[in-house]
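S.K.: What follows is the file entry31.cif, containing mmCIF, C-alpha atoms (C1' of nucleotides):
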```
data_query
#
loop_
_atom_site.group_PDB
_atom_site.id
_atom_site.type_symbol
_atom_site.label_atom_id
_atom_site.label_comp_id
_atom_site.auth_asym_id
_atom_site.auth_seq_id
_atom_site.Cartn_x
_atom_site.Cartn_y
_atom_site.Cartn_z
ATOM 1 C CA MET A 6 86.795 120.089 106.136
ATOM 2 C CA THR A 7 85.029 117.094 107.590
ATOM 3 C CA SER A 8 88.517 116.227 108.850
ATOM 4 C CA SER A 9 87.260 112.815 109.953
ATOM 5 C CA ALA A 10 89.213 109.588 109.821
ATOM 6 C CA ALA A 11 87.572 108.770 106.515
ATOM 7 C CA ASP A 12 88.770 111.706 104.471
ATOM 8 C CA ASP A 13 91.401 109.717 102.629
ATOM 9 C CA PHE A 14 88.883 107.109 101.593
ATOM 10 C CA ALA A 15 88.828 106.915 97.821
ATOM 11 C CA VAL A 16 85.740 105.743 95.973
ATOM 12 C CA GLY A 17 86.707 105.619 92.385
ATOM 13 C CA LEU A 18 86.495 104.094 88.971
ATOM 14 C CA PRO A 19 85.772 100.415 88.366
ATOM 15 C CA ARG A 20 88.271 97.844 89.392
ATOM 16 C CA ASN A 21 90.710 96.995 86.624
ATOM 17 C CA TYR A 22 89.497 99.943 84.618
ATOM 18 C CA LEU A 23 92.945 100.538 83.174
ATOM 19 C CA ARG A 24 92.863 97.538 80.888
ATOM 20 C CA PRO A 25 89.471 98.281 79.353
ATOM 21 C CA CYS A 26 90.681 101.814 78.636
ATOM 22 C CA LEU A 27 93.849 100.575 76.988
ATOM 23 C CA LEU A 28 91.884 98.099 74.914
ATOM 24 C CA LEU A 29 89.545 100.846 73.747
ATOM 25 C CA LEU A 30 92.368 103.225 72.841
ATOM 26 C CA LEU A 31 94.137 100.484 70.928
ATOM 27 C CA ALA A 32 90.888 99.699 69.136
ATOM 28 C CA GLU A 33 90.856 103.308 67.993
ATOM 29 C CA GLY A 34 94.330 102.871 66.581
ATOM 30 C CA THR A 35 97.771 101.362 67.056
ATOM 31 C CA SER A 36 99.806 103.258 69.596
ATOM 32 C CA HIS A 37 102.586 103.025 72.131
ATOM 33 C CA GLY A 38 102.757 103.347 75.896
ATOM 34 C CA TYR A 39 103.843 106.936 76.222
ATOM 35 C CA GLU A 40 101.155 108.132 73.844
ATOM 36 C CA LEU A 41 98.480 106.038 75.580
ATOM 37 C CA LEU A 42 99.569 107.662 78.813
ATOM 38 C CA ASP A 43 98.475 111.001 77.392
ATOM 39 C CA GLN A 44 95.265 109.835 75.739
ATOM 40 C CA ILE A 45 93.985 107.857 78.697
ATOM 41 C CA GLY A 46 93.310 110.990 80.689
ATOM 42 C CA ALA A 47 90.304 111.700 78.488
ATOM 43 C CA LEU A 48 88.618 108.517 79.721
ATOM 44 C CA GLY A 49 88.368 109.625 83.336
ATOM 45 C CA LEU A 50 91.651 108.211 84.575
ATOM 46 C CA GLU A 51 93.736 110.978 86.066
ATOM 47 C CA LYS A 52 97.322 110.699 87.179
ATOM 48 C CA VAL A 53 97.831 107.267 85.695
ATOM 49 C CA ASP A 54 100.922 105.570 87.028
ATOM 50 C CA PRO A 55 103.286 104.960 84.075
ATOM 51 C CA GLY A 56 104.661 101.847 85.728
ATOM 52 C CA GLY A 57 101.235 100.313 86.040
ATOM 53 C CA LEU A 58 100.385 101.216 82.479
ATOM 54 C CA TYR A 59 103.476 99.544 81.055
ATOM 55 C CA ARG A 60 102.966 96.534 83.264
ATOM 56 C CA SER A 61 99.378 96.260 82.102
ATOM 57 C CA LEU A 62 100.416 96.440 78.464
ATOM 58 C CA ARG A 63 103.029 93.726 78.969
ATOM 59 C CA ALA A 64 100.510 91.519 80.712
ATOM 60 C CA MET A 65 97.995 91.901 77.905
ATOM 61 C CA ASP A 66 100.765 91.119 75.456
ATOM 62 C CA GLU A 67 101.550 87.886 77.228
ATOM 63 C CA GLU A 68 97.857 87.017 77.341
ATOM 64 C CA GLY A 69 97.507 87.576 73.618
ATOM 65 C CA LEU A 70 95.135 90.522 73.799
ATOM 66 C CA VAL A 71 97.664 92.786 72.096
ATOM 67 C CA ARG A 72 100.720 92.363 69.866
ATOM 68 C CA SER A 73 103.835 94.472 70.320
ATOM 69 C CA SER A 74 106.735 95.403 68.105
ATOM 70 C CA TRP A 75 109.659 97.771 68.493
ATOM 71 C CA GLU A 76 109.740 100.690 66.136
ATOM 72 C CA PRO A 77 112.346 103.461 65.976
ATOM 73 C CA SER A 78 111.219 106.999 66.612
ATOM 74 C CA VAL A 79 112.102 109.887 64.361
ATOM 75 C CA SER A 80 113.044 111.891 67.420
ATOM 76 C CA GLY A 81 113.638 110.125 70.703
ATOM 77 C CA PRO A 82 114.108 106.592 71.944
ATOM 78 C CA ALA A 83 112.558 103.572 70.265
ATOM 79 C CA ARG A 84 108.924 102.801 70.939
ATOM 80 C CA ARG A 85 107.184 99.553 71.618
ATOM 81 C CA THR A 86 104.008 99.903 69.589
ATOM 82 C CA TYR A 87 100.959 97.884 70.509
ATOM 83 C CA GLU A 88 98.293 96.541 68.209
ATOM 84 C CA LEU A 89 95.017 94.942 69.174
ATOM 85 C CA THR A 90 94.585 91.254 68.336
ATOM 86 C CA ASP A 91 91.347 89.473 67.502
ATOM 87 C CA ASP A 92 91.269 88.089 71.038
ATOM 88 C CA GLY A 93 91.718 91.599 72.353
ATOM 89 C CA ARG A 94 88.893 92.914 70.203
ATOM 90 C CA GLU A 95 86.668 90.131 71.499
ATOM 91 C CA TRP A 96 87.605 91.018 75.064
ATOM 92 C CA LEU A 97 86.822 94.622 74.393
ATOM 93 C CA HIS A 98 83.266 93.637 73.511
ATOM 94 C CA VAL A 99 82.900 91.512 76.621
ATOM 95 C CA VAL A 100 84.330 94.229 78.828
ATOM 96 C CA ALA A 101 82.130 96.890 77.268
ATOM 97 C CA GLY A 102 79.121 94.765 78.157
ATOM 98 C CA THR A 103 80.307 94.408 81.726
ATOM 99 C CA LEU A 104 80.854 98.150 82.000
ATOM 100 C CA GLY A 105 77.326 98.607 80.731
ATOM 101 C CA GLU A 106 76.077 96.546 83.663
ATOM 102 C CA VAL A 107 78.163 98.662 85.998
ATOM 103 C CA ALA A 108 76.622 101.809 84.538
ATOM 104 C CA ARG A 109 73.166 100.328 85.113
ATOM 105 C CA SER A 110 74.010 99.593 88.746
ATOM 106 C CA LEU A 111 75.228 103.148 89.183
ATOM 107 C CA ALA A 112 71.971 104.406 87.693
ATOM 108 C CA VAL A 113 70.055 102.364 90.270
ATOM 109 C CA TYR A 114 72.216 103.825 93.001
ATOM 110 C CA ARG A 115 71.637 107.347 91.768
ATOM 111 C CA ARG A 116 67.886 106.906 91.573
ATOM 112 C CA ARG A 117 67.626 105.565 95.113
ATOM 113 C CA TYR A 118 69.975 108.263 96.370
ATOM 114 C CA GLN A 119 67.851 111.025 94.888
ATOM 115 C CA GLN A 120 64.802 109.358 96.370
ATOM 116 C CA VAL A 121 66.144 109.464 99.921
ATOM 117 C CA THR A 122 67.304 113.058 99.568
ATOM 118 C CA ASP A 123 63.892 114.060 98.215
ATOM 119 C CA GLU A 124 62.170 112.332 101.133
ATOM 120 C CA GLN A 125 64.333 114.220 103.591
ATOM 121 C CA ARG A 126 63.422 117.444 101.877
ATOM 122 C CA VAL A 127 59.722 116.637 102.180
ATOM 123 C CA ILE A 128 59.984 115.639 105.840
ATOM 124 C CA ARG A 129 61.774 118.796 106.749
ATOM 125 C CA MET B 72 84.904 80.000 75.978
ATOM 126 C CA THR B 73 87.739 82.191 74.812
ATOM 127 C CA SER B 74 89.723 80.011 77.213
ATOM 128 C CA SER B 75 92.587 82.477 77.167
ATOM 129 C CA ALA B 76 94.772 83.382 80.109
ATOM 130 C CA ALA B 77 92.568 86.405 80.750
ATOM 131 C CA ASP B 78 89.265 84.633 81.361
ATOM 132 C CA ASP B 79 89.396 85.063 85.120
ATOM 133 C CA PHE B 80 89.967 88.765 84.755
ATOM 134 C CA ALA B 81 87.182 90.555 86.550
ATOM 135 C CA VAL B 82 86.202 94.066 85.553
ATOM 136 C CA GLY B 83 83.659 95.109 88.061
ATOM 137 C CA LEU B 84 82.026 97.702 90.188
ATOM 138 C CA PRO B 85 83.919 100.701 91.571
ATOM 139 C CA ARG B 86 86.540 100.273 94.211
ATOM 140 C CA ASN B 87 85.151 100.551 97.706
ATOM 141 C CA TYR B 88 81.631 100.322 96.350
ATOM 142 C CA LEU B 89 80.486 98.389 99.405
ATOM 143 C CA ARG B 90 80.628 101.389 101.716
ATOM 144 C CA PRO B 91 78.626 103.733 99.508
ATOM 145 C CA CYS B 92 75.967 101.045 99.224
ATOM 146 C CA LEU B 93 75.829 100.563 102.977
ATOM 147 C CA LEU B 94 75.606 104.312 103.507
ATOM 148 C CA LEU B 95 72.726 104.531 101.057
ATOM 149 C CA LEU B 96 70.826 101.645 102.624
ATOM 150 C CA LEU B 97 71.277 103.133 106.065
ATOM 151 C CA ALA B 98 70.082 106.472 104.741
ATOM 152 C CA GLU B 99 66.908 104.696 103.687
ATOM 153 C CA GLY B 100 66.478 103.436 107.215
ATOM 154 C CA THR B 101 68.156 102.021 110.282
ATOM 155 C CA SER B 102 69.099 98.388 109.851
ATOM 156 C CA HIS B 103 71.491 95.666 110.941
ATOM 157 C CA GLY B 104 74.187 93.679 109.155
ATOM 158 C CA TYR B 105 72.283 90.551 108.316
ATOM 159 C CA GLU B 106 69.425 92.520 106.815
ATOM 160 C CA LEU B 107 71.783 94.762 104.846
ATOM 161 C CA LEU B 108 73.334 91.605 103.465
ATOM 162 C CA ASP B 109 70.008 90.806 101.819
ATOM 163 C CA GLN B 110 69.153 94.284 100.629
ATOM 164 C CA ILE B 111 72.528 95.069 99.122
ATOM 165 C CA GLY B 112 72.019 92.589 96.309
ATOM 166 C CA ALA B 113 69.542 95.012 94.720
ATOM 167 C CA LEU B 114 72.328 97.564 94.218
ATOM 168 C CA GLY B 115 74.349 95.422 91.835
ATOM 169 C CA LEU B 116 76.554 93.733 94.387
ATOM 170 C CA GLU B 117 76.202 89.981 94.089
ATOM 171 C CA LYS B 118 77.634 87.427 96.448
ATOM 172 C CA VAL B 119 78.662 89.938 99.066
ATOM 173 C CA ASP B 120 81.075 88.484 101.571
ATOM 174 C CA PRO B 121 79.475 88.685 105.034
ATOM 175 C CA GLY B 122 82.843 89.099 106.679
ATOM 176 C CA GLY B 123 83.697 92.078 104.549
ATOM 177 C CA LEU B 124 80.303 93.610 105.163
ATOM 178 C CA TYR B 125 80.593 93.357 108.946
ATOM 179 C CA ARG B 126 84.141 94.632 108.823
ATOM 180 C CA SER B 127 83.053 97.576 106.710
ATOM 181 C CA LEU B 128 80.284 98.424 109.158
ATOM 182 C CA ARG B 129 82.663 98.277 112.083
ATOM 183 C CA ALA B 130 85.151 100.495 110.291
ATOM 184 C CA MET B 131 82.491 103.071 109.506
ATOM 185 C CA ASP B 132 81.417 102.915 113.127
ATOM 186 C CA GLU B 133 84.932 103.711 114.296
ATOM 187 C CA GLU B 134 85.154 106.525 111.772
ATOM 188 C CA GLY B 135 81.931 108.051 113.003
ATOM 189 C CA LEU B 136 79.929 107.588 109.816
ATOM 190 C CA VAL B 137 77.455 105.315 111.586
ATOM 191 C CA ARG B 138 76.364 104.645 115.163
ATOM 192 C CA SER B 139 75.685 101.132 116.442
ATOM 193 C CA SER B 140 73.699 99.711 119.311
ATOM 194 C CA TRP B 141 72.810 96.188 120.385
ATOM 195 C CA GLU B 142 69.157 95.325 120.265
ATOM 196 C CA PRO B 143 67.552 91.995 121.168
ATOM 197 C CA SER B 144 65.635 90.225 118.420
ATOM 198 C CA VAL B 145 62.173 88.801 118.892
ATOM 199 C CA SER B 146 63.357 85.579 117.286
ATOM 200 C CA GLY B 147 67.056 84.845 117.052
ATOM 201 C CA PRO B 148 70.298 86.241 118.390
ATOM 202 C CA ALA B 149 70.751 89.887 119.264
ATOM 203 C CA ARG B 150 71.366 92.362 116.488
ATOM 204 C CA ARG B 151 73.776 95.214 116.212
ATOM 205 C CA THR B 152 71.696 97.889 114.565
ATOM 206 C CA TYR B 153 73.341 100.680 112.649
ATOM 207 C CA GLU B 154 72.169 104.224 112.268
ATOM 208 C CA LEU B 155 73.552 106.904 109.973
ATOM 209 C CA THR B 156 75.225 109.873 111.632
ATOM 210 C CA ASP B 157 75.390 113.423 110.303
ATOM 211 C CA ASP B 158 78.959 112.792 109.204
ATOM 212 C CA GLY B 159 77.759 109.667 107.415
ATOM 213 C CA ARG B 160 75.014 111.593 105.647
ATOM 214 C CA GLU B 161 77.539 114.172 104.568
ATOM 215 C CA TRP B 162 79.796 111.454 103.246
ATOM 216 C CA LEU B 163 76.919 109.927 101.377
ATOM 217 C CA HIS B 164 76.488 113.180 99.474
ATOM 218 C CA VAL B 165 80.184 113.385 98.666
ATOM 219 C CA VAL B 166 80.296 109.791 97.553
ATOM 220 C CA ALA B 167 77.169 110.174 95.422
ATOM 221 C CA GLY B 168 78.874 113.035 93.627
ATOM 222 C CA THR B 169 81.962 110.935 93.011
ATOM 223 C CA LEU B 170 79.867 108.098 91.671
ATOM 224 C CA GLY B 171 78.200 110.580 89.366
ATOM 225 C CA GLU B 172 81.603 111.419 87.920
ATOM 226 C CA VAL B 173 82.290 107.733 87.495
ATOM 227 C CA ALA B 174 79.018 107.348 85.620
ATOM 228 C CA ARG B 175 80.004 110.216 83.364
ATOM 229 C CA SER B 176 83.345 108.566 82.616
ATOM 230 C CA LEU B 177 81.552 105.338 81.771
ATOM 231 C CA ALA B 178 79.287 107.254 79.421
ATOM 232 C CA VAL B 179 82.343 108.639 77.657
ATOM 233 C CA TYR B 180 83.753 105.136 77.383
ATOM 234 C CA ARG B 181 80.517 103.803 75.968
ATOM 235 C CA ARG B 182 80.260 106.551 73.369
ATOM 236 C CA ARG B 183 83.801 106.001 72.133
ATOM 237 C CA TYR B 184 83.303 102.251 72.159
ATOM 238 C CA GLN B 185 80.204 102.500 70.002
ATOM 239 C CA GLN B 186 82.083 104.853 67.695
ATOM 240 C CA VAL B 187 84.876 102.373 67.037
ATOM 241 C CA THR B 188 82.447 99.503 66.480
ATOM 242 C CA ASP B 189 80.450 101.631 64.057
ATOM 243 C CA GLU B 190 83.593 102.551 62.135
ATOM 244 C CA GLN B 191 84.499 98.907 61.782
ATOM 245 C CA ARG B 192 81.004 98.195 60.468
ATOM 246 C CA VAL B 193 81.367 100.944 57.852
ATOM 247 C CA ILE B 194 84.789 99.762 56.725
ATOM 248 C CA ARG B 195 83.549 96.278 56.190
ATOM 249 C "C1'" DC C 182 69.551 66.202 120.866
ATOM 250 C "C1'" DG C 183 70.689 67.489 116.281
ATOM 251 C "C1'" DT C 184 69.574 70.526 112.538
ATOM 252 C "C1'" DT C 185 68.520 74.818 110.511
ATOM 253 C "C1'" DC C 186 68.056 79.685 110.394
ATOM 254 C "C1'" DT C 187 69.561 83.928 112.198
ATOM 255 C "C1'" DA C 188 73.362 87.019 113.388
ATOM 256 C "C1'" DG C 189 77.961 88.505 113.922
ATOM 257 C "C1'" DG C 190 82.816 87.804 113.548
ATOM 258 C "C1'" DT C 191 88.189 86.377 112.611
ATOM 259 C "C1'" DG C 192 92.281 84.794 109.744
ATOM 260 C "C1'" DC C 193 94.549 84.885 105.791
ATOM 261 C "C1'" DA C 194 96.296 85.074 101.067
ATOM 262 C "C1'" DC C 195 95.892 87.207 96.743
ATOM 263 C "C1'" DC C 196 96.318 90.991 93.696
ATOM 264 C "C1'" DA C 197 95.449 95.665 91.922
ATOM 265 C "C1'" DT C 198 97.039 100.069 92.954
ATOM 266 C "C1'" DA C 199 100.170 103.763 94.257
ATOM 267 C "C1'" DC C 200 104.528 105.634 94.909
ATOM 268 C "C1'" DA C 201 109.259 105.906 94.291
ATOM 269 C "C1'" DC C 202 113.035 105.100 91.553
ATOM 270 C "C1'" DA C 203 116.043 103.486 87.445
ATOM 271 C "C1'" DT C 204 117.541 103.395 82.636
ATOM 272 C "C1'" DA C 205 118.384 105.270 78.184
ATOM 273 C "C1'" DC C 206 117.783 107.993 73.935
ATOM 274 C "C1'" DC C 207 117.749 112.454 71.665
ATOM 275 C "C1'" DC C 208 118.073 117.463 71.315
ATOM 276 C "C1'" DG C 209 119.099 122.294 72.429
ATOM 277 C "C1'" DG C 210 121.475 125.651 75.159
ATOM 278 C "C1'" DT C 211 125.844 127.576 77.120
ATOM 279 C "C1'" DA D 102 131.869 119.153 76.175
ATOM 280 C "C1'" DC D 103 128.540 119.182 79.517
ATOM 281 C "C1'" DC D 104 124.020 119.419 81.422
ATOM 282 C "C1'" DG D 105 119.163 119.786 81.674
ATOM 283 C "C1'" DG D 106 114.728 118.462 79.864
ATOM 284 C "C1'" DG D 107 111.513 115.901 77.174
ATOM 285 C "C1'" DT D 108 110.700 111.220 75.387
ATOM 286 C "C1'" DA D 109 110.143 106.358 76.327
ATOM 287 C "C1'" DT D 110 110.158 102.150 78.958
ATOM 288 C "C1'" DG D 111 110.567 99.902 82.647
ATOM 289 C "C1'" DT D 112 111.502 97.646 88.172
ATOM 290 C "C1'" DG D 113 110.792 97.375 93.451
ATOM 291 C "C1'" DT D 114 107.918 97.497 97.023
ATOM 292 C "C1'" DA D 115 104.339 98.520 100.504
ATOM 293 C "C1'" DT D 116 99.634 99.201 101.254
ATOM 294 C "C1'" DG D 117 94.983 97.948 101.281
ATOM 295 C "C1'" DG D 118 90.592 96.173 99.311
ATOM 296 C "C1'" DT D 119 88.629 91.802 98.248
ATOM 297 C "C1'" DG D 120 87.469 87.038 98.429
ATOM 298 C "C1'" DC D 121 87.517 82.675 100.593
ATOM 299 C "C1'" DA D 122 87.345 79.766 104.432
ATOM 300 C "C1'" DC D 123 86.207 79.156 108.879
ATOM 301 C "C1'" DC D 124 84.279 80.056 113.684
ATOM 302 C "C1'" DT D 125 80.883 81.259 117.595
ATOM 303 C "C1'" DA D 126 76.345 81.448 119.427
ATOM 304 C "C1'" DG D 127 71.351 82.081 120.211
ATOM 305 C "C1'" DA D 128 66.624 80.528 119.010
ATOM 306 C "C1'" DA D 129 63.200 77.486 117.034
ATOM 307 C "C1'" DC D 130 61.664 72.973 115.602
ATOM 308 C "C1'" DG D 131 60.988 68.005 115.174
#
```
Using structure tokens, write down the structure that the file contains.

M.R.:
Amino acid sequence: MTSSAADDFAVGLPRNYLRPCLLLLLAEGTSHGYELLDQIGALGLEKVDPGGLYRSLRAMDEEGLVRSSWEPSVSGPARRTYELTDDGREWLHVVAGTLGEVARSLAVYRRRYQQVTDEQRVIR
Amino acid sequence: MTSSAADDFAVGLPRNYLRPCLLLLLAEGTSHGYELLDQIGALGLEKVDPGGLYRSLRAMDEEGLVRSSWEPSVSGPARRTYELTDDGREWLHVVAGTLGEVARSLAVYRRRYQQVTDEQRVIR
DNA sequence: CGTTCTAGGTGCACCATACACATACCCGGT
DNA sequence: ACCGGGTATGTGTATGGTGCACCTAGAACG
């Protein structure tokens, strides 16, 4: 349907949303990449690229937002478990505030959108 | 402050948010680029790059979401006025639905964020 | 004649994202 | 002994949105 040139145009979640999600999940408890990959689906991110997730975790490690340590698994390969640092917890608060602003902007958008659709209904 | 390596990390509005905003503004009424540049600030987008805005309008024109026509101005250079097409109106509806899903995801994030902060308060 | 406001536009580099692919451990089946 | 499948962590690379700088040009005003 619509079959226009704009059908592959993806409007999606906030830019850099992956990191805030990882920070939140790690605030809920220490975890490792493969487990986060499962849990992150519940936050709206679907089909998360494992490569990007691991890269993001490594980057946050180097920036001091998380701390990592290798731990053997009872069944399977060793895991690199991540733990939130104080800096990371602070960033989580900042990011949560920013996402709140985003939500407010989306609310404004929604209100004005409903207004124009209502007007069209009235006119017709 | 925080002065970490992650201070320039920008978590922001949804990807491709510019186009939905332009579609909404044009649904509210025919307009031209320079005017849209002023109005779009009210939708959460700050410091919109004029180049990107004009490029986005041109792209939507080529994709058939909007229709453009040159019109002389009473004072100043001529304006390229944009008008929403039926395809554009349809896309506005689709995009508004997508943004609704994004808002829902952000609500989930917010709830879980408040939950973890509350837990920390209780523990302490 | 130069400045300012209006109006539209190009060039380019950065970086997040997406997609494919690689490595390695462990276990169960045949 | 071998092979597939689930677990777990990565690398390589191209695309594309975004931001920044810069450019053109008309109209009004002193």

S.K.: For this structure, which residues satisfy the selection - the PyMOL selection byres ((chain B) within 6 of (chain A)) - when it is evaluated on the file as given? I want them as an mmCIF file with C-alpha atoms, keeping the file's coordinate frame.

M.R.:
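That gives us part_29.cif:
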```cif
data_model
loop_
_atom_site.group_PDB
_atom_site.id
_atom_site.type_symbol
_atom_site.label_atom_id
_atom_site.label_comp_id
_atom_site.auth_asym_id
_atom_site.auth_seq_id
_atom_site.Cartn_x
_atom_site.Cartn_y
_atom_site.Cartn_z
ATOM 1 C CA ALA B 76 94.772 83.382 80.109
ATOM 2 C CA VAL B 82 86.202 94.066 85.553
ATOM 3 C CA GLY B 83 83.659 95.109 88.061
ATOM 4 C CA LEU B 84 82.026 97.702 90.188
ATOM 5 C CA PRO B 85 83.919 100.701 91.571
ATOM 6 C CA ARG B 86 86.540 100.273 94.211
ATOM 7 C CA ASN B 87 85.151 100.551 97.706
ATOM 8 C CA GLY B 115 74.349 95.422 91.835
ATOM 9 C CA GLU B 134 85.154 106.525 111.772
ATOM 10 C CA VAL B 173 82.290 107.733 87.495
ATOM 11 C CA SER B 176 83.345 108.566 82.616
#
```

S.K.: Could you state which residues are captured by the PyMOL selection byres ((chain C) within 12 of (chain A)) in this file, as a list in words?

M.R.: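 Applying the PyMOL selection byres ((chain C) within 12 of (chain A)) to the structure shown produces DC196, DA197, DT198, DA199, DC200, DA201, DC202, DA203, DT204, DA205, DC206, DC207 and DC208 of chain C.
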
S.K.: Write the residues of the preceding selection, restricted to C-alpha atoms (C1' of nucleotides), as a CSV table (one decimal), in the frame of the given file.

M.R.:
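That gives us selection.csv:
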```csv
chain,number,residue,atom,x,y,z
C,196,DC,C1',96.3,91.0,93.7
C,197,DA,C1',95.4,95.7,91.9
C,198,DT,C1',97.0,100.1,93.0
C,199,DA,C1',100.2,103.8,94.3
C,200,DC,C1',104.5,105.6,94.9
C,201,DA,C1',109.3,105.9,94.3
C,202,DC,C1',113.0,105.1,91.6
C,203,DA,C1',116.0,103.5,87.4
C,204,DT,C1',117.5,103.4,82.6
C,205,DA,C1',118.4,105.3,78.2
C,206,DC,C1',117.8,108.0,73.9
C,207,DC,C1',117.7,112.5,71.7
C,208,DC,C1',118.1,117.5,71.3
```

S.K.: Set out as a tab-separated table a contact list for chain D and chain B with a cut-off of 12 Å, giving each residue of chain D that qualifies its closest atom pair and distance in Å to one decimal, counting all atoms listed in the file, ordered by chain and rising residue number.

M.R.:
```
residue	atom	partner	partner_atom	distance
D:DG117	C1'	B:Asn87	CA	10.8
D:DG118	C1'	B:Asn87	CA	7.2
D:DT119	C1'	B:Gly123	CA	8.0
D:DG120	C1'	B:Asp120	CA	7.3
D:DC121	C1'	B:Asp120	CA	8.7
D:DA122	C1'	B:Gly122	CA	10.6
D:DC123	C1'	B:Gly122	CA	10.7
D:DC124	C1'	B:Gly122	CA	11.5
D:DT125	C1'	B:Pro148	CA	11.7
D:DA126	C1'	B:Pro148	CA	7.8
D:DG127	C1'	B:Pro148	CA	4.7
D:DA128	C1'	B:Gly147	CA	4.8
D:DA129	C1'	B:Ser146	CA	8.1
```

S.K.: Take atom C1' of DG107 of chain D and atom CA of Tyr59 of chain A and report the distance between them in Å, one decimal.

M.R.: 18.6 Å

S.K.: Check what the PyMOL selection byres ((chain B and resi 103) around 6) selects in the file above and give those residues as a count of residues only.

M.R.: 7

S.K.: In Å, how far is it from atom CA of Val137 of chain B to atom CA of Leu107 of chain B?

M.R.: 13.7 Å

S.K.: Work out how far apart atom C1' of DG210 of chain C and atom CA of Arg84 of chain A are and give it in Å to one decimal.

M.R.: 26.4 Å

S.K.: Please enclose the listed atoms of segment 115-119 of chain D in an axis-aligned box, pad each side by 8 Å, and write out the centre and the three edge lengths in Å, rounded to one decimal, as AutoDock Vina command-line options.

M.R.:
```
--center_x 96.5 --center_y 95.5 --center_z 99.8 --size_x 31.7 --size_y 23.4 --size_z 19.0
```

S.K.: Compare C:DA194, C:DT211, C:DT184, C:DG189 by their minimum atom-to-atom distance to DG131 of chain D, counting all atoms listed in the file, and give me the closest one.

M.R.: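 Among the listed residues, the smallest separation from DG131 of chain D belongs to C:DT184.
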